[in-house]
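Colleague: One structure is given below, represented as structure tokens, and several questions about it will come after.
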Amino acid sequence: MKVILLDDEYLALTALEHHLVQIPGITVAGKFVDPLKAKEYVLHHDIDAVFLDIRLPGMNGMEWTKQILRIKPRLLVVFVTAYAGYAVQAFELNAVDYLLKPVPSDRLLKTVQRLRKRAGVPVSREPAAAAAKPVQVRLFHQVAIEAGDSAVAPIRWRTARVQELFLYLLQHRGQLVRKPALADLIWPEYEPRKAYSQLYTAVYHIRKTLEPFGSHFQIASAAEGYILHLKDVRLDVEEWERGIRNGPPMTAETIDQYEKLMSLHAGDYLRGFEYEWAESERQRLLKLWIRTGMEMAECYLAGGRPEKAIAKYLEICNRHPQEEEAHFALMKLYAAANDRSSVIRQYRLLSEALWELNEKPGSSITEWYTNWGREI
């Protein structure tokens with residue numbers, strides 16, 4: 001990696017360079033005490049990262065960073081300073097790290113490792129091979145991330161709100177999410193200044209938590225908000241929906257393919273998380289699952305396999321007890337098989353499920369059930 005150093009003290013530049021050049025793979029392309037010359041150099045050379053102080057001649061390090069990132073948004077920034085009070089603002093600018101002088105060698109090494117992960121630079125051939133493998137994110141049932149050959153495991157987040165922020169950005173992946181909206185959503189009880197402070201800290205913790213996954217997850221910071229970029233990341237939600245929508249026509253020959261796809265929807269989207277903002281997406285995916293299940297049941301019936309159709313309808317009713325169409329289909333199948341007790345049981349189950357919502361079965365179902373009762 002090529003880096004430059006920017007500080008108002010030349011001795012500090014020399015000391016930092018001395019430590020950095022001892023780290024394999026790091027090239028110090030230039031040392032500057034003049035921020036304007038440093039800016040000019042970065043604009044005309046291929047530089048990966050800059051280490052700079054907060055206090056600069058005639059300019060604040062924060063302002064210098066804002067100016068340069070408008071032109072080179074992929075430049076990685078590390079602040080090295082004696083001022084501890086600017087950390088929040090630094091991470092708002094998407095800084096990789098914030099170091100306090102004097103910087104120990106082992107601490108600097110950790111910073112370089114973070115730089116490499118943020119830039120997607122492998123530290124050896126073995127990690128490079130692992131980095132080439134896509135990361136699998138599971139959002140059905142249990143939220144977890146699987147990298148390479150490692151076992152699927154839930155991520156341990158710093159706080160529940162940090163996790164919620166990540167999941168919200170993930171749901172809106174590739175889109176700019178504005179900071180005011182995030183602050184109001186995750187910290188509605190705080191006044192704006194405190195909510196923003198919590199937001200910046202939470203973004204910092206998300207980045208630290210995702211560091212083991214290298215460049216697969218990148219949170220880009222803009223003046224208005226944040227964008228979560230994914231690289232070689234497979235989401236079970238996307239793969240499932242793509243398979244359903246782009247699959248072949250449903251026939252007796254292809255229905256096994258749909259059975260496998262439906263098994264991927266092992267649980268509702270973000271199951272166990274009572275996020276109001278996730279409910280519309282949860283319901284959208286559930287409706288697609290129900291619709292596909294109903295089509296599969298009809299396909300089984302057309303193929304002369306009523307027992308498979310009944311099993312599919314029961315699966316839908318168990319998953320979504322208020323789904324009237326599936327209950328009604330079961331009632332008619334049971335009636336055709338002269339299974340009187342099953343018809344009565346199914347109608348009762350539907351009535352009880354709807355009663356919880358202060359509703360009753362639809363008029364067509366009630367009318368059919370009444371007429372059926374008169375005929376037996």
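Starting from 1 in every chain, residues are counted up; chains themselves are A, B, ... following the order of the structure tokens, and ligands are numbered from 1 as listed.
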Could you pull the residues within 10 Å of Gly293 in chain A, counting only C-alpha atoms, minus those fewer than 2 positions along the same chain, as a count of residues only?
Modeller: 19
Colleague: Based on DSSP run over this structure's backbone, return all residues of range 169-246 of chain A in strand (DSSP E), as an MDAnalysis selection string.
Modeller: chainID A and resid 177:178 217:221 225:230 233:235
Colleague: Okay, now the selection with N, CA and C atoms, as an mmCIF file, in the first residue's frame?
Modeller:
```
data_model
loop_
_atom_site.group_PDB
_atom_site.id
_atom_site.type_symbol
_atom_site.label_atom_id
_atom_site.label_comp_id
_atom_site.auth_asym_id
_atom_site.auth_seq_id
_atom_site.Cartn_x
_atom_site.Cartn_y
_atom_site.Cartn_z
ATOM 1 N N VAL A 177 -28.716 6.232 2.747
ATOM 2 C CA VAL A 177 -29.667 6.394 3.851
ATOM 3 C C VAL A 177 -29.237 7.626 4.636
ATOM 4 N N ARG A 178 -30.095 8.589 4.733
ATOM 5 C CA ARG A 178 -29.725 9.871 5.326
ATOM 6 C C ARG A 178 -29.593 9.790 6.845
ATOM 7 N N PHE A 217 -17.880 -6.059 2.971
ATOM 8 C CA PHE A 217 -18.828 -5.060 3.483
ATOM 9 C C PHE A 217 -18.103 -3.723 3.599
ATOM 10 N N GLN A 218 -18.635 -2.703 2.950
ATOM 11 C CA GLN A 218 -18.047 -1.373 3.023
ATOM 12 C C GLN A 218 -19.148 -0.348 3.287
ATOM 13 N N ILE A 219 -18.988 0.415 4.361
ATOM 14 C CA ILE A 219 -19.930 1.500 4.649
ATOM 15 C C ILE A 219 -19.293 2.799 4.183
ATOM 16 N N ALA A 220 -19.829 3.348 3.118
ATOM 17 C CA ALA A 220 -19.320 4.611 2.586
ATOM 18 C C ALA A 220 -20.037 5.764 3.271
ATOM 19 N N SER A 221 -19.268 6.760 3.651
ATOM 20 C CA SER A 221 -19.820 7.927 4.334
ATOM 21 C C SER A 221 -19.929 9.089 3.363
ATOM 22 N N GLY A 225 -25.364 11.039 4.451
ATOM 23 C CA GLY A 225 -25.674 9.776 5.110
ATOM 24 C C GLY A 225 -24.662 8.692 4.815
ATOM 25 N N TYR A 226 -25.148 7.443 4.803
ATOM 26 C CA TYR A 226 -24.270 6.287 4.628
ATOM 27 C C TYR A 226 -24.836 5.357 3.556
ATOM 28 N N ILE A 227 -23.912 4.644 2.897
ATOM 29 C CA ILE A 227 -24.289 3.634 1.912
ATOM 30 C C ILE A 227 -23.535 2.355 2.245
ATOM 31 N N LEU A 228 -24.247 1.251 2.375
ATOM 32 C CA LEU A 228 -23.608 -0.045 2.595
ATOM 33 C C LEU A 228 -23.410 -0.719 1.245
ATOM 34 N N HIS A 229 -22.140 -0.922 0.873
ATOM 35 C CA HIS A 229 -21.801 -1.605 -0.367
ATOM 36 C C HIS A 229 -21.422 -3.049 -0.059
ATOM 37 N N LEU A 230 -21.902 -3.972 -0.872
ATOM 38 C CA LEU A 230 -21.578 -5.386 -0.726
ATOM 39 C C LEU A 230 -20.752 -5.845 -1.918
ATOM 40 N N VAL A 233 -21.063 -10.891 -1.912
ATOM 41 C CA VAL A 233 -21.894 -11.282 -0.771
ATOM 42 C C VAL A 233 -23.196 -11.870 -1.301
ATOM 43 N N ARG A 234 -23.525 -13.050 -0.833
ATOM 44 C CA ARG A 234 -24.760 -13.721 -1.231
ATOM 45 C C ARG A 234 -25.752 -13.674 -0.074
ATOM 46 N N LEU A 235 -26.926 -13.149 -0.332
ATOM 47 C CA LEU A 235 -27.978 -13.080 0.676
ATOM 48 C C LEU A 235 -29.005 -14.171 0.392
#
```
Colleague: Pick out the closest residue to Trp187 in chain A from this set: A:Met62, A:Ala160, A:Ala329, A:Leu170. Count only C-alpha atoms.
Modeller: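 When distances to Trp187 in chain A are compared using only C-alpha atoms, the smallest one comes from A:Ala160.
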Colleague: With a distance cut-off of 6 Å and only C-alpha atoms, select the neighbouring residues of Asp7 in chain A, excluding the residue or stretch itself and same-chain residues fewer than 5 positions from it, and output the selection as a list in words.
Modeller: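 Result of the neighbour search: Val33, Leu52 and Asp53 of chain A.
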Colleague: Restricting the output to C-alpha atoms, write the selected residues as a compact mmCIF listing (two decimals), in the first residue's frame.
Modeller:
```txt
# COMPACT_ATOMS: atom_id res chain seq x y z
CA VAL A 33 3.97 19.68 6.44
CA LEU A 52 -2.59 13.05 9.09
CA ASP A 53 -2.84 15.24 12.17
```
Colleague: Quick one, how far is CA of Thr27 in chain A from CA of Lys117 in chain A?
Modeller: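 According to the coordinates, CA of Thr27 in chain A and CA of Lys117 in chain A are separated by 16.8 Å.
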Colleague: Set the distance at 10 Å and use only C-alpha atoms: which residues neighbour Arg156 in chain A once local chain neighbours fewer than 6 positions away are removed? I'd like the list as a PyMOL selection string.
Modeller: chain A and resi 144+163+209
Colleague: Taking a cut-off of 12 Å and counting only C-alpha atoms, can you build a table that, for each residue of range 153-237 of chain A near range 270-278 of chain A, reports the nearest atom pair and how far apart they are in Å (one decimal), sorted by chain then residue number, as a Markdown table?
Modeller:
```
| residue | atom | partner | partner_atom | distance |
| --- | --- | --- | --- | --- |
| A:Ala160 | CA | A:Phe273 | CA | 10.2 |
| A:Arg161 | CA | A:Tyr275 | CA | 10.9 |
| A:Gln163 | CA | A:Phe273 | CA | 10.5 |
| A:Glu164 | CA | A:Tyr275 | CA | 8.2 |
| A:Leu165 | CA | A:Tyr275 | CA | 10.8 |
| A:Leu167 | CA | A:Leu270 | CA | 8.9 |
| A:Tyr168 | CA | A:Ala278 | CA | 8.0 |
| A:Leu169 | CA | A:Ala278 | CA | 11.4 |
| A:Leu170 | CA | A:Ala278 | CA | 11.1 |
| A:Gln171 | CA | A:Ala278 | CA | 8.2 |
| A:His172 | CA | A:Ala278 | CA | 10.7 |
| A:Ala181 | CA | A:Trp277 | CA | 11.8 |
| A:Leu182 | CA | A:Trp277 | CA | 11.4 |
| A:Leu185 | CA | A:Trp277 | CA | 8.7 |
| A:Ile186 | CA | A:Tyr275 | CA | 10.1 |
| A:Asp236 | CA | A:Leu270 | CA | 11.6 |
| A:Val237 | CA | A:Leu270 | CA | 10.1 |
```
Colleague: Looking only at the backbone, which of the residues in range 66-114 of chain A does DSSP tag as helix (DSSP H, G or I), as a list in words?
Modeller: Lys66, Gln67, Ile68, Leu69, Arg70, Ile71, Ala84, Gly85, Tyr86, Ala87, Val88, Gln89, Ala90, Phe91, Glu92, Ser105, Asp106, Arg107, Leu108, Leu109, Lys110, Thr111, Val112, Gln113 and Arg114 of chain A
Colleague: Mind writing the picked residues with C-alpha atoms as a short mmCIF file (atom, residue, chain, number, x, y, z; two decimals), in the first residue's frame?
Modeller:
```
data_model
loop_
_atom_site.label_atom_id
_atom_site.label_comp_id
_atom_site.auth_asym_id
_atom_site.auth_seq_id
_atom_site.Cartn_x
_atom_site.Cartn_y
_atom_site.Cartn_z
CA LYS A 66 -13.55 16.62 3.56
CA GLN A 67 -12.03 18.42 0.57
CA ILE A 68 -9.94 15.47 -0.58
CA LEU A 69 -12.71 12.88 -0.15
CA ARG A 70 -15.02 14.87 -2.39
CA ILE A 71 -12.54 14.24 -5.19
CA ALA A 84 -8.72 13.09 21.73
CA GLY A 85 -11.85 15.18 21.23
CA TYR A 86 -12.26 14.74 17.48
CA ALA A 87 -12.82 10.97 17.31
CA VAL A 88 -16.55 11.18 16.63
CA GLN A 89 -16.09 13.65 13.77
CA ALA A 90 -13.26 11.51 12.39
CA PHE A 91 -15.38 8.38 12.14
CA GLU A 92 -18.17 10.44 10.63
CA SER A 105 4.38 0.04 17.09
CA ASP A 106 1.93 -2.76 17.88
CA ARG A 107 -0.99 -0.32 17.74
CA LEU A 108 0.19 0.99 14.40
CA LEU A 109 0.37 -2.57 13.07
CA LYS A 110 -3.30 -3.08 13.95
CA THR A 111 -4.13 0.09 12.05
CA VAL A 112 -2.33 -1.17 8.95
CA GLN A 113 -4.24 -4.45 9.20
CA ARG A 114 -7.47 -2.46 9.26
#
```
Colleague: Do a neighbour search on Leu56 in chain A at 6 Å with only C-alpha atoms, toss out local chain neighbours closer than 3 positions, and write the hits as a ChimeraX atom specification.
Modeller: /A:8,59-60
Colleague: Save out the residues we just selected, N, CA and C atoms, as a PDB file, in the first residue's frame.
Modeller:
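Everything below was put into out_5.pdb:
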```pdb
ATOM      1  N   ASP A   8       2.052  18.877  11.038  1.00  0.00           N
ATOM      2  CA  ASP A   8       2.685  20.194  11.119  1.00  0.00           C
ATOM      3  C   ASP A   8       4.063  20.129  11.761  1.00  0.00           C
ATOM      4  N   MET A  59      -4.971  25.207   8.262  1.00  0.00           N
ATOM      5  CA  MET A  59      -6.138  24.383   7.943  1.00  0.00           C
ATOM      6  C   MET A  59      -6.326  23.301   8.991  1.00  0.00           C
ATOM      7  N   ASN A  60      -7.579  22.940   9.226  1.00  0.00           N
ATOM      8  CA  ASN A  60      -7.895  21.838  10.129  1.00  0.00           C
ATOM      9  C   ASN A  60      -7.861  20.516   9.361  1.00  0.00           C
TER      10      ASN A  60
END
```
